[in-house]
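Participant: Dropping in final.txt, with compact mmCIF, C-alpha atoms and all ligand atoms.
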# COMPACT_ATOMS: atom_id res chain seq x y z
CA MET A 1 11.99 44.96 -7.47
CA THR A 2 10.27 48.00 -5.95
CA SER A 3 7.42 49.86 -7.59
CA ALA A 4 6.20 53.42 -7.27
CA GLY A 5 2.63 52.59 -6.28
CA ARG A 6 0.17 49.86 -5.58
CA TYR A 7 -3.07 48.36 -6.81
CA GLY A 8 -5.98 50.80 -6.77
CA GLU A 9 -3.84 53.93 -6.86
CA ARG A 10 -2.58 54.80 -10.36
CA PHE A 11 -4.46 51.89 -11.90
CA PHE A 12 -7.71 50.06 -11.09
CA SER A 13 -8.98 52.64 -8.61
CA PRO A 14 -12.53 51.86 -7.45
CA GLU A 15 -13.20 55.56 -8.10
CA ASP A 16 -12.70 55.06 -11.86
CA ALA A 17 -15.98 54.92 -13.77
CA GLY A 18 -16.78 51.32 -14.66
CA GLU A 19 -14.12 49.72 -12.43
CA GLY A 20 -16.67 47.52 -10.63
CA ASP A 21 -17.99 46.34 -14.01
CA ARG A 22 -14.44 45.52 -15.18
CA VAL A 23 -13.83 43.38 -12.07
CA ASP A 24 -17.22 41.70 -12.62
CA LEU A 25 -16.24 40.71 -16.19
CA ALA A 26 -13.34 38.66 -14.77
CA ALA A 27 -15.62 37.31 -12.04
CA ALA A 28 -18.22 36.26 -14.64
CA THR A 29 -15.47 34.35 -16.45
CA PHE A 30 -13.86 32.59 -13.49
CA ASP A 31 -16.51 32.31 -10.74
CA ASP A 32 -17.89 28.94 -11.85
CA THR A 33 -14.39 27.41 -11.84
CA THR A 34 -13.59 28.95 -8.46
CA LEU A 35 -16.87 27.90 -6.86
CA ALA A 36 -16.60 24.33 -8.20
CA ARG A 37 -13.13 24.01 -6.65
CA LEU A 38 -14.15 25.56 -3.31
CA ARG A 39 -17.12 23.19 -3.05
CA GLN A 40 -14.98 20.21 -4.04
CA LEU A 41 -12.60 21.16 -1.22
CA GLY A 42 -15.51 20.99 1.21
CA ALA A 43 -16.93 24.53 1.44
CA GLY A 44 -20.49 24.05 2.67
CA PRO A 45 -22.79 24.29 5.67
CA GLY A 46 -21.01 25.09 8.95
CA TRP A 47 -17.96 26.64 7.25
CA ARG A 48 -16.59 29.99 8.34
CA CYS A 49 -14.86 31.67 5.40
CA LEU A 50 -12.59 34.63 4.73
CA ASP A 51 -12.41 36.21 1.25
CA VAL A 52 -9.31 38.38 1.01
CA GLY A 53 -9.39 41.31 -1.46
CA ALA A 54 -13.01 40.38 -2.14
CA GLY A 55 -13.60 43.08 -4.80
CA THR A 56 -17.27 43.21 -5.76
CA GLY A 57 -18.02 40.13 -3.59
CA THR A 58 -19.23 37.66 -6.20
CA VAL A 59 -17.33 34.71 -4.68
CA ALA A 60 -18.33 35.66 -1.13
CA ARG A 61 -22.02 35.85 -2.07
CA ARG A 62 -22.00 32.62 -4.08
CA LEU A 63 -20.31 30.81 -1.18
CA LEU A 64 -23.28 31.82 0.97
CA ARG A 65 -26.08 31.33 -1.56
CA GLU A 66 -24.90 28.28 -3.50
CA ALA A 67 -22.42 26.45 -1.28
CA GLY A 68 -24.48 27.24 1.85
CA VAL A 69 -21.49 28.18 4.03
CA SER A 70 -22.40 29.67 7.39
CA GLU A 71 -20.53 32.95 7.20
CA VAL A 72 -18.13 34.90 5.02
CA LEU A 73 -15.92 37.75 6.15
CA ALA A 74 -15.09 39.79 3.02
CA VAL A 75 -12.07 42.06 3.42
CA ASP A 76 -10.87 44.71 1.00
CA ARG A 77 -8.95 47.98 1.08
CA ASP A 78 -12.04 49.59 -0.40
CA VAL A 79 -15.43 48.11 0.45
CA ARG A 80 -17.76 50.29 -1.63
CA PHE A 81 -18.79 47.42 -3.93
CA LEU A 82 -19.12 44.94 -1.06
CA ALA A 83 -21.18 47.29 1.08
CA ALA A 84 -23.53 48.13 -1.80
CA TYR A 85 -25.35 44.75 -1.62
CA PRO A 86 -25.81 43.51 1.96
CA THR A 87 -26.26 39.73 2.03
CA PRO A 88 -27.26 37.56 5.02
CA GLY A 89 -24.13 35.89 6.43
CA LEU A 90 -21.77 38.38 4.77
CA THR A 91 -19.65 40.63 6.99
CA VAL A 92 -17.66 43.35 5.29
CA ARG A 93 -14.44 44.74 6.70
CA GLN A 94 -12.22 47.47 5.28
CA ALA A 95 -8.56 46.62 5.85
CA ASP A 96 -5.19 46.43 4.17
CA VAL A 97 -4.35 42.72 4.24
CA THR A 98 -0.61 43.46 4.32
CA ALA A 99 -0.95 45.43 7.58
CA ASP A 100 0.29 43.89 10.84
CA ASP A 101 -3.10 44.33 12.52
CA PHE A 102 -4.98 42.50 9.69
CA PRO A 103 -5.33 38.93 11.10
CA PRO A 104 -9.06 38.61 11.84
CA GLY A 105 -9.40 35.14 13.45
CA ARG A 106 -9.51 31.50 12.32
CA PHE A 107 -11.38 30.14 9.31
CA ASP A 108 -12.26 26.84 7.62
CA LEU A 109 -11.62 28.50 4.24
CA VAL A 110 -9.34 31.40 3.39
CA HIS A 111 -9.62 32.47 -0.25
CA ALA A 112 -7.74 35.15 -2.22
CA ARG A 113 -8.21 35.56 -5.98
CA PHE A 114 -6.38 38.03 -8.25
CA VAL A 115 -4.95 39.77 -5.18
CA LEU A 116 -1.56 38.30 -4.23
CA MET A 117 -0.12 38.96 -7.72
CA HIS A 118 -0.48 42.68 -6.97
CA LEU A 119 1.23 42.53 -3.55
CA PRO A 120 4.95 42.83 -2.82
CA SER A 121 5.44 39.36 -1.32
CA PRO A 122 3.02 36.51 -2.13
CA GLU A 123 5.29 34.20 -0.07
CA ARG A 124 4.72 36.29 3.03
CA MET A 125 0.96 36.63 2.37
CA ILE A 126 0.57 32.87 1.85
CA ALA A 127 2.34 32.26 5.17
CA THR A 128 0.15 34.89 6.89
CA LEU A 129 -3.07 33.50 5.39
CA GLY A 130 -2.04 29.93 6.26
CA ARG A 131 -1.87 30.95 9.92
CA LEU A 132 -5.53 32.02 9.75
CA LEU A 133 -6.72 28.47 9.10
CA ALA A 134 -8.54 26.43 11.71
CA PRO A 135 -7.13 22.87 11.97
CA GLY A 136 -8.05 21.05 8.73
CA GLY A 137 -9.00 24.35 7.06
CA VAL A 138 -8.04 25.10 3.47
CA LEU A 139 -6.21 28.05 1.91
CA VAL A 140 -7.07 28.69 -1.77
CA VAL A 141 -5.13 31.25 -3.79
CA GLY A 142 -5.90 32.11 -7.40
CA ASP A 143 -4.00 34.44 -9.71
CA ALA A 144 -3.23 35.13 -13.35
CA VAL A 145 -0.74 33.08 -15.35
CA ASP A 146 0.22 34.11 -18.86
CA LEU A 147 1.39 30.92 -20.50
CA THR A 148 1.26 32.09 -24.09
CA THR A 149 2.42 35.62 -24.81
CA ALA A 150 6.03 35.68 -23.50
CA ASP A 151 7.57 33.52 -26.23
CA ALA A 152 4.92 33.94 -28.94
CA PRO A 153 5.65 35.62 -32.29
CA ASP A 154 5.27 39.42 -32.23
CA THR A 155 1.71 40.55 -32.99
CA PRO A 156 -0.07 43.67 -31.72
CA TYR A 157 -1.79 41.48 -29.09
CA THR A 158 1.35 39.71 -27.80
CA LEU A 159 3.45 42.90 -27.85
CA VAL A 160 0.80 44.79 -25.92
CA MET A 161 0.27 42.01 -23.35
CA ARG A 162 4.02 41.90 -22.68
CA ALA A 163 4.13 45.69 -22.35
CA MET A 164 1.17 45.57 -19.96
CA TRP A 165 2.86 43.09 -17.60
CA ARG A 166 6.10 45.09 -17.70
CA GLY A 167 4.25 48.39 -17.14
CA LEU A 168 2.18 47.03 -14.25
CA ARG A 169 5.28 45.59 -12.60
CA ASP A 170 7.10 48.91 -12.88
CA SER A 171 4.15 51.03 -11.73
CA ILE A 172 2.24 49.04 -9.09
CA GLY A 173 4.39 45.95 -8.50
CA THR A 174 2.08 43.40 -10.15
CA ASP A 175 4.16 40.31 -10.95
CA VAL A 176 2.57 37.19 -12.42
CA SER A 177 5.90 35.42 -12.94
CA ARG A 178 5.72 34.25 -9.29
CA VAL A 179 2.28 32.62 -9.62
CA PRO A 180 3.40 29.15 -10.86
CA ARG A 181 5.42 28.86 -7.61
CA TYR A 182 2.31 29.12 -5.38
CA PRO A 183 2.19 25.35 -4.71
CA GLU A 184 5.80 25.53 -3.47
CA MET A 185 4.91 28.54 -1.29
CA LEU A 186 1.91 26.70 0.19
CA ARG A 187 4.14 23.76 1.11
CA ALA A 188 6.75 26.13 2.60
CA ALA A 189 3.93 27.58 4.74
CA GLY A 190 3.45 24.12 6.29
CA LEU A 191 0.25 23.22 4.42
CA ARG A 192 -0.55 19.66 3.30
CA SER A 193 -2.33 18.05 0.35
CA VAL A 194 -1.14 20.90 -1.86
CA ALA A 195 -2.35 20.88 -5.48
CA ALA A 196 -3.09 23.32 -8.30
CA GLU A 197 -4.97 23.69 -11.58
CA ILE A 198 -5.18 26.20 -14.42
CA HIS A 199 -8.22 27.41 -16.34
CA VAL A 200 -7.72 29.35 -19.58
CA PRO A 201 -10.99 30.61 -21.10
CA PRO A 202 -11.41 31.17 -24.84
CA LEU A 203 -11.19 34.71 -26.25
CA VAL A 204 -14.51 34.68 -28.06
CA PRO A 205 -15.35 38.17 -29.41
CA GLY A 206 -17.94 39.85 -27.20
CA SER A 207 -17.35 37.40 -24.32
CA ALA A 208 -16.83 38.63 -20.76
CA ILE A 209 -13.12 37.78 -20.85
CA SER A 210 -12.53 39.52 -24.21
CA ARG A 211 -14.26 42.64 -22.86
CA PHE A 212 -12.30 42.39 -19.61
CA TRP A 213 -8.98 42.38 -21.45
CA ALA A 214 -10.02 45.15 -23.86
CA GLN A 215 -10.95 47.35 -20.89
CA THR A 216 -7.83 46.39 -18.94
CA LEU A 217 -5.54 47.22 -21.88
CA ASP A 218 -7.27 50.53 -22.32
CA ARG A 219 -6.93 51.41 -18.61
CA THR A 220 -3.24 50.49 -18.45
CA ARG A 221 -2.33 52.24 -21.72
CA SER A 222 -0.18 54.97 -20.10
CA THR A 223 2.06 52.54 -18.22
CA MET A 224 2.47 50.35 -21.33
CA ILE A 225 3.50 53.33 -23.42
CA ALA A 226 5.92 54.43 -20.66
CA THR A 227 7.81 51.14 -21.13
CA GLY A 228 8.71 52.29 -24.67
CA LEU A 229 7.67 48.86 -25.99
CA VAL A 230 4.41 49.96 -27.63
CA ASP A 231 2.58 53.10 -28.77
CA ASP A 232 -1.04 54.24 -28.74
CA ALA A 233 -1.75 52.91 -32.24
CA LEU A 234 -0.53 49.42 -31.31
CA VAL A 235 -2.68 49.38 -28.15
CA ASP A 236 -5.69 50.42 -30.27
CA GLU A 237 -4.92 47.59 -32.67
CA ALA A 238 -4.69 45.02 -29.85
CA VAL A 239 -8.00 46.22 -28.39
CA ARG A 240 -9.68 45.96 -31.82
CA HIS A 241 -8.17 42.48 -32.29
CA LEU A 242 -9.88 41.28 -29.10
CA ASP A 243 -13.25 42.09 -30.67
CA SER A 244 -12.43 40.57 -34.04
CA PRO A 245 -13.51 37.15 -35.39
CA GLU A 246 -9.82 36.71 -36.36
CA CYS A 247 -8.81 36.56 -32.68
CA ALA A 248 -7.64 33.02 -31.90
CA ASP A 249 -5.16 33.93 -29.14
CA LEU A 250 -5.23 32.58 -25.63
CA PRO A 251 -5.64 35.07 -22.79
CA PRO A 252 -3.86 34.75 -19.44
CA GLY A 253 -5.51 32.03 -17.38
CA MET A 254 -6.22 31.56 -13.70
CA LEU A 255 -4.02 29.28 -11.61
CA THR A 256 -5.77 28.07 -8.47
CA ALA A 257 -3.59 26.46 -5.80
CA TRP A 258 -4.62 25.11 -2.43
CA GLY A 259 -3.33 23.47 0.70
CA ARG A 260 -4.74 22.25 4.00
CA SER A 261 -3.76 23.04 7.53
CA PRO A 262 -2.76 19.89 9.48
CA LEU A 263 -5.46 18.58 11.82
C1 LIG B 301 -8.49 42.28 -9.22
S1 LIG B 301 -9.48 42.63 -7.83
C2 LIG B 301 -10.06 40.97 -7.44
C3 LIG B 301 -11.36 40.98 -6.72
C4 LIG B 301 -11.91 39.60 -6.33
N1 LIG B 301 -11.01 38.87 -5.46
C5 LIG B 301 -12.24 38.78 -7.56
O1 LIG B 301 -11.50 37.84 -7.88
O2 LIG B 301 -13.25 39.09 -8.22
C6 LIG B 301 -8.28 42.90 -6.53
C7 LIG B 301 -8.93 43.33 -5.23
O3 LIG B 301 -7.92 43.29 -4.19
C8 LIG B 301 -8.06 44.44 -3.39
N2 LIG B 301 -6.75 44.71 -2.77
C9 LIG B 301 -5.59 45.00 -3.40
N3 LIG B 301 -4.60 45.19 -2.50
C10 LIG B 301 -5.18 45.02 -1.28
C11 LIG B 301 -4.69 45.10 0.06
N4 LIG B 301 -3.41 45.38 0.31
N5 LIG B 301 -5.54 44.87 1.08
C12 LIG B 301 -6.86 44.59 0.84
N6 LIG B 301 -7.38 44.50 -0.40
C13 LIG B 301 -6.56 44.72 -1.45
C14 LIG B 301 -8.50 45.52 -4.35
O4 LIG B 301 -9.08 46.62 -3.68
C15 LIG B 301 -9.46 44.78 -5.26
O5 LIG B 301 -10.78 44.80 -4.77
Starting from the file, give its structure as structure tokens.

Facilitator:
Amino acid sequence: MTSAGRYGERFFSPEDAGEGDRVDLAAATFDDTTLARLRQLGAGPGWRCLDVGAGTGTVARRLLREAGVSEVLAVDRDVRFLAAYPTPGLTVRQADVTADDFPPGRFDLVHARFVLMHLPSPERMIATLGRLLAPGGVLVVGDAVDLTTADAPDTPYTLVMRAMWRGLRDSIGTDVSRVPRYPEMLRAAGLRSVAAEIHVPPLVPGSAISRFWAQTLDRTRSTMIATGLVDDALVDEAVRHLDSPECADLPPGMLTAWGRSPL
């Protein structure tokens, strides 16, 4: 499957007004889960960490401030949000992580959240990132899994979510159907002690995750409509539903998978 563009071009450009805030709404929802897992896996004093596609840098900064890691290299194609808030221990580097000259050294932790699902080959990226681990280091990859909308009865919300995934796949190559196979990909990359978990937050009206999805549906409206599966009125209805007390749907969740480099 080839797509016409990639993340940050037609959709989710950091130039778009409010894009940093949209990314922060997802971060506000998932950061506690991510940080708890990273700390449980050992992230702490002395650790050298790489955050791939670091976005606004919430995970990178919390690793430094709360987990007390020694240093974090935060890499992104666009570093405007990362560079805006310098933090002791945080080094920012602008790079395309799919480029051949990306590999920046060896790390105790390599983390990538909501990034690989937008790239052409998560298998290849997991293998590349696995090679950046110091002996005993851990690779942690997190991405979206939509466990509920594919086979659910047709409602404005489920129809629009399905159209969004189809539209994003066609336009920028985003493909969440590969995410449940991350544990298998980590094992194929030679990593050990592979495991995974899923967190699905509740869609409470007004919550960060409900606002994140309302904004994301609004931003991806043109690609959804181009699929022919939905129209403007249906997207409006789905966005309104997310802010309604009637909303009892489940949103996509976050699958986090990890594996360790042999000592
Ligand atoms: C959905 S955001 C996730 C941000 C952050 N990891 C988080 O979970 O809050 C995806 C990030 O990946 C970055 N990104 C996408 N493709 C990339 C690439 N090829 N190289 C480097 N960064 C990339 C984007 O610029 C964006 O900041």

Participant: What lies within 10 Å of Met185 (chain A) using only C-alpha atoms, ignoring chain neighbours under 2 positions off, as a list in words?

Facilitator: Pro122, Glu123, Arg124, Met125, Ile126, Ala127, Arg178, Val179, Pro180, Arg181, Tyr182, Pro183, Arg187, Ala188, Ala189, Gly190, Leu191, Val194, Ala257 and Gly259 of chain A

Participant: Nearest to ligand LIG 301 (chain B) among A:His241, A:Arg77, A:Arg169, A:Arg260, with distances taken over only C-alpha atoms and all ligand atoms: which residue is it?

Facilitator: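 Among the listed residues, A:Arg77 lies closest to ligand LIG 301 (chain B).
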
Participant: Which residues of chain A have any atom within 9 Å of an atom in ligand LIG 301 (chain B) when counting all atoms listed in the file, and what is the closest pair of atoms for each, with the distance in Å to one decimal? Order the rows by chain and rising number and write it as JSON lines.

Facilitator:
{"residue": "A:Arg6", "atom": "CA", "partner": "B:LIG301", "partner_atom": "N3", "distance": 7.4}
{"residue": "A:Tyr7", "atom": "CA", "partner": "B:LIG301", "partner_atom": "C9", "distance": 5.4}
{"residue": "A:Gly8", "atom": "CA", "partner": "B:LIG301", "partner_atom": "O4", "distance": 6.1}
{"residue": "A:Phe12", "atom": "CA", "partner": "B:LIG301", "partner_atom": "C1", "distance": 8.0}
{"residue": "A:Ser13", "atom": "CA", "partner": "B:LIG301", "partner_atom": "O4", "distance": 7.8}
{"residue": "A:Pro14", "atom": "CA", "partner": "B:LIG301", "partner_atom": "O4", "distance": 7.3}
{"residue": "A:Gly20", "atom": "CA", "partner": "B:LIG301", "partner_atom": "O5", "distance": 8.7}
{"residue": "A:Val23", "atom": "CA", "partner": "B:LIG301", "partner_atom": "O2", "distance": 5.8}
{"residue": "A:Asp24", "atom": "CA", "partner": "B:LIG301", "partner_atom": "O2", "distance": 6.5}
{"residue": "A:Leu25", "atom": "CA", "partner": "B:LIG301", "partner_atom": "O2", "distance": 8.7}
{"residue": "A:Ala26", "atom": "CA", "partner": "B:LIG301", "partner_atom": "O2", "distance": 6.6}
{"residue": "A:Ala27", "atom": "CA", "partner": "B:LIG301", "partner_atom": "O2", "distance": 4.8}
{"residue": "A:Ala28", "atom": "CA", "partner": "B:LIG301", "partner_atom": "O2", "distance": 8.6}
{"residue": "A:Phe30", "atom": "CA", "partner": "B:LIG301", "partner_atom": "O1", "distance": 8.0}
{"residue": "A:Asp31", "atom": "CA", "partner": "B:LIG301", "partner_atom": "O2", "distance": 7.9}
{"residue": "A:Asp51", "atom": "CA", "partner": "B:LIG301", "partner_atom": "N1", "distance": 7.4}
{"residue": "A:Val52", "atom": "CA", "partner": "B:LIG301", "partner_atom": "N6", "distance": 6.6}
{"residue": "A:Gly53", "atom": "CA", "partner": "B:LIG301", "partner_atom": "O3", "distance": 3.7}
{"residue": "A:Ala54", "atom": "CA", "partner": "B:LIG301", "partner_atom": "N1", "distance": 4.2}
{"residue": "A:Gly55", "atom": "CA", "partner": "B:LIG301", "partner_atom": "O5", "distance": 3.3}
{"residue": "A:Thr56", "atom": "CA", "partner": "B:LIG301", "partner_atom": "O2", "distance": 6.3}
{"residue": "A:Gly57", "atom": "CA", "partner": "B:LIG301", "partner_atom": "C4", "distance": 6.7}
{"residue": "A:Thr58", "atom": "CA", "partner": "B:LIG301", "partner_atom": "O2", "distance": 6.5}
{"residue": "A:Val59", "atom": "CA", "partner": "B:LIG301", "partner_atom": "O2", "distance": 7.0}
{"residue": "A:Val75", "atom": "CA", "partner": "B:LIG301", "partner_atom": "C12", "distance": 6.3}
{"residue": "A:Asp76", "atom": "CA", "partner": "B:LIG301", "partner_atom": "N6", "distance": 3.8}
{"residue": "A:Arg77", "atom": "CA", "partner": "B:LIG301", "partner_atom": "C12", "distance": 4.0}
{"residue": "A:Asp78", "atom": "CA", "partner": "B:LIG301", "partner_atom": "O4", "distance": 5.3}
{"residue": "A:Val79", "atom": "CA", "partner": "B:LIG301", "partner_atom": "O4", "distance": 7.7}
{"residue": "A:Phe81", "atom": "CA", "partner": "B:LIG301", "partner_atom": "O5", "distance": 8.5}
{"residue": "A:Gln94", "atom": "CA", "partner": "B:LIG301", "partner_atom": "C12", "distance": 7.5}
{"residue": "A:Ala95", "atom": "CA", "partner": "B:LIG301", "partner_atom": "C12", "distance": 5.7}
{"residue": "A:Asp96", "atom": "CA", "partner": "B:LIG301", "partner_atom": "N5", "distance": 3.5}
{"residue": "A:Val97", "atom": "CA", "partner": "B:LIG301", "partner_atom": "N5", "distance": 4.0}
{"residue": "A:Thr98", "atom": "CA", "partner": "B:LIG301", "partner_atom": "N4", "distance": 5.3}
{"residue": "A:Ala99", "atom": "CA", "partner": "B:LIG301", "partner_atom": "N4", "distance": 7.7}
{"residue": "A:Phe102", "atom": "CA", "partner": "B:LIG301", "partner_atom": "N5", "distance": 8.9}
{"residue": "A:His111", "atom": "CA", "partner": "B:LIG301", "partner_atom": "N1", "distance": 8.4}
{"residue": "A:Ala112", "atom": "CA", "partner": "B:LIG301", "partner_atom": "N1", "distance": 5.9}
{"residue": "A:Arg113", "atom": "CA", "partner": "B:LIG301", "partner_atom": "N1", "distance": 4.4}
{"residue": "A:Phe114", "atom": "CA", "partner": "B:LIG301", "partner_atom": "C2", "distance": 4.8}
{"residue": "A:Val115", "atom": "CA", "partner": "B:LIG301", "partner_atom": "O3", "distance": 4.7}
{"residue": "A:Leu116", "atom": "CA", "partner": "B:LIG301", "partner_atom": "N3", "distance": 7.7}
{"residue": "A:His118", "atom": "CA", "partner": "B:LIG301", "partner_atom": "N3", "distance": 6.6}
{"residue": "A:Leu119", "atom": "CA", "partner": "B:LIG301", "partner_atom": "N3", "distance": 6.5}
{"residue": "A:Gly142", "atom": "CA", "partner": "B:LIG301", "partner_atom": "O1", "distance": 8.0}
{"residue": "A:Asp143", "atom": "CA", "partner": "B:LIG301", "partner_atom": "O1", "distance": 8.4}

Participant: With C-alpha atoms kept, could you save the residues just selected as a compact mmCIF listing (two decimals), in the coordinates of the input?

Facilitator:
# COMPACT_ATOMS: atom_id res chain seq x y z
CA ARG A 6 0.17 49.86 -5.58
CA TYR A 7 -3.07 48.36 -6.81
CA GLY A 8 -5.98 50.80 -6.77
CA PHE A 12 -7.71 50.06 -11.09
CA SER A 13 -8.98 52.64 -8.61
CA PRO A 14 -12.53 51.86 -7.45
CA GLY A 20 -16.67 47.52 -10.63
CA VAL A 23 -13.83 43.38 -12.07
CA ASP A 24 -17.22 41.70 -12.62
CA LEU A 25 -16.24 40.71 -16.19
CA ALA A 26 -13.34 38.66 -14.77
CA ALA A 27 -15.62 37.31 -12.04
CA ALA A 28 -18.22 36.26 -14.64
CA PHE A 30 -13.86 32.59 -13.49
CA ASP A 31 -16.51 32.31 -10.74
CA ASP A 51 -12.41 36.21 1.25
CA VAL A 52 -9.31 38.38 1.01
CA GLY A 53 -9.39 41.31 -1.46
CA ALA A 54 -13.01 40.38 -2.14
CA GLY A 55 -13.60 43.08 -4.80
CA THR A 56 -17.27 43.21 -5.76
CA GLY A 57 -18.02 40.13 -3.59
CA THR A 58 -19.23 37.66 -6.20
CA VAL A 59 -17.33 34.71 -4.68
CA VAL A 75 -12.07 42.06 3.42
CA ASP A 76 -10.87 44.71 1.00
CA ARG A 77 -8.95 47.98 1.08
CA ASP A 78 -12.04 49.59 -0.40
CA VAL A 79 -15.43 48.11 0.45
CA PHE A 81 -18.79 47.42 -3.93
CA GLN A 94 -12.22 47.47 5.28
CA ALA A 95 -8.56 46.62 5.85
CA ASP A 96 -5.19 46.43 4.17
CA VAL A 97 -4.35 42.72 4.24
CA THR A 98 -0.61 43.46 4.32
CA ALA A 99 -0.95 45.43 7.58
CA PHE A 102 -4.98 42.50 9.69
CA HIS A 111 -9.62 32.47 -0.25
CA ALA A 112 -7.74 35.15 -2.22
CA ARG A 113 -8.21 35.56 -5.98
CA PHE A 114 -6.38 38.03 -8.25
CA VAL A 115 -4.95 39.77 -5.18
CA LEU A 116 -1.56 38.30 -4.23
CA HIS A 118 -0.48 42.68 -6.97
CA LEU A 119 1.23 42.53 -3.55
CA GLY A 142 -5.90 32.11 -7.40
CA ASP A 143 -4.00 34.44 -9.71

Participant: For CA of Ala214 (chain A) and CA of Glu237 (chain A), determine how far apart the two atoms are, in Å to one decimal place.

Facilitator: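 Going from CA of Ala214 (chain A) over to CA of Glu237 (chain A) covers 10.5 Å.
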
Participant: How many Å separate CA of Pro120 (chain A) from CA of Thr174 (chain A)?

Facilitator: 7.9 Å

Participant: Which is closest to Arg166 (chain A) among A:Leu229, A:Ala248, A:Leu263, A:Leu186, if we use only C-alpha atoms?

Facilitator: A:Leu229

Participant: Which of these, A:Glu184, A:Asp170, A:Asp21, A:Asp108, has the shortest distance to Arg211 (chain A) once you count all atoms listed in the file?

Facilitator: A:Asp21

Participant: Rounded to one decimal in Å, what is the spacing between CA of Gly5 (chain A) and CA of Ile172 (chain A)?

Facilitator: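 If I compute the distance from CA of Gly5 (chain A) to CA of Ile172 (chain A), I get 4.5 Å.
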
Participant: Can you list, as a PyMOL selection string, every protein, DNA or RNA residue that comes within 9 Å of Arg48 (chain A) when you count only C-alpha atoms, leaving out same-chain residues fewer than 6 positions away?

Facilitator: chain A and resi 69-73+106-110

Participant: Applying 9 Å and all atoms listed in the file, which residues near Leu168 (chain A) remain after dropping the ones on its own chain fewer than 5 positions away? List them as JSON, numbers by chain.

Facilitator: {"A": [3, 11, 118, 163, 173, 174, 175, 220, 223, 224]}

Participant: Name the residues, using the chain letters and numbers of the file, that sit within 12 Å of (-0.4, 42.0, -30.7) when counting only C-alpha atoms, and give them as a PyMOL selection string.

Facilitator: chain A and resi 149-150+152-164+217+229-231+233-242+247-251

Participant: What's around Arg37 (chain A) at 10 Å? Count all atoms listed in the file, leave out sequence neighbours fewer than 5 positions away in its own chain, and write the answer as a compact mmCIF listing (two decimals) with C-alpha atoms, in the frame of the given file.

Facilitator:
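For reference, selection03.txt as written:
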# COMPACT_ATOMS: atom_id res chain seq x y z
CA ASP A 31 -16.51 32.31 -10.74
CA ASP A 32 -17.89 28.94 -11.85
CA GLY A 42 -15.51 20.99 1.21
CA ALA A 43 -16.93 24.53 1.44
CA VAL A 140 -7.07 28.69 -1.77
CA GLU A 197 -4.97 23.69 -11.58
CA THR A 256 -5.77 28.07 -8.47
CA ALA A 257 -3.59 26.46 -5.80
CA TRP A 258 -4.62 25.11 -2.43

Participant: So which residues are close to (-16.3, 30.8, -28.8), meaning at most 12 Å away in the file's coordinates with all atoms listed in the file counted, and can you show them as a ChimeraX atom specification?

Facilitator: /A:201-210,243-250

Participant: Please, could you write that set of residues out with C-alpha atoms as a tab-separated table (two decimals), keeping the file's coordinate frame?

Facilitator:
chain	number	residue	atom	x	y	z
A	201	PRO	CA	-10.99	30.61	-21.10
A	202	PRO	CA	-11.41	31.17	-24.84
A	203	LEU	CA	-11.19	34.71	-26.25
A	204	VAL	CA	-14.51	34.68	-28.06
A	205	PRO	CA	-15.35	38.17	-29.41
A	206	GLY	CA	-17.94	39.85	-27.20
A	207	SER	CA	-17.35	37.40	-24.32
A	208	ALA	CA	-16.83	38.63	-20.76
A	209	ILE	CA	-13.12	37.78	-20.85
A	210	SER	CA	-12.53	39.52	-24.21
A	243	ASP	CA	-13.25	42.09	-30.67
A	244	SER	CA	-12.43	40.57	-34.04
A	245	PRO	CA	-13.51	37.15	-35.39
A	246	GLU	CA	-9.82	36.71	-36.36
A	247	CYS	CA	-8.81	36.56	-32.68
A	248	ALA	CA	-7.64	33.02	-31.90
A	249	ASP	CA	-5.16	33.93	-29.14
A	250	LEU	CA	-5.23	32.58	-25.63

Participant: Excluding Gly105 (chain A) and its own-chain neighbours fewer than 3 positions away, which residues fall within 9 Å of it when counting all atoms listed in the file? Please give them as a CSV table (one decimal) with C-alpha atoms, in the frame of the given file.

Facilitator:
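Now in around-v3.csv:
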chain,number,residue,atom,x,y,z
A,132,LEU,CA,-5.5,32.0,9.8
A,133,LEU,CA,-6.7,28.5,9.1
A,134,ALA,CA,-8.5,26.4,11.7

Participant: A:Pro262, A:Ser193, A:Thr216, A:Asp232: which is nearest Gly136 (chain A), counting all atoms listed in the file?

Facilitator: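 Of A:Pro262, A:Ser193, A:Thr216, A:Asp232, the one nearest Gly136 (chain A) is A:Pro262, counting all atoms listed in the file.
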
Participant: From the set A:Leu41, A:Ser171, A:Leu35, A:Gly46, which residue has the shortest atom-to-atom contact distance to Glu9 (chain A), counting all atoms listed in the file?

Facilitator: A:Ser171

Participant: Restricting the calculation to only C-alpha atoms, which member of A:Thr148, A:Ser261, A:Leu38, A:Glu19 is positioned closest to Leu129 (chain A)?

Facilitator: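 With only C-alpha atoms as the atom set, the closest residue is A:Ser261.
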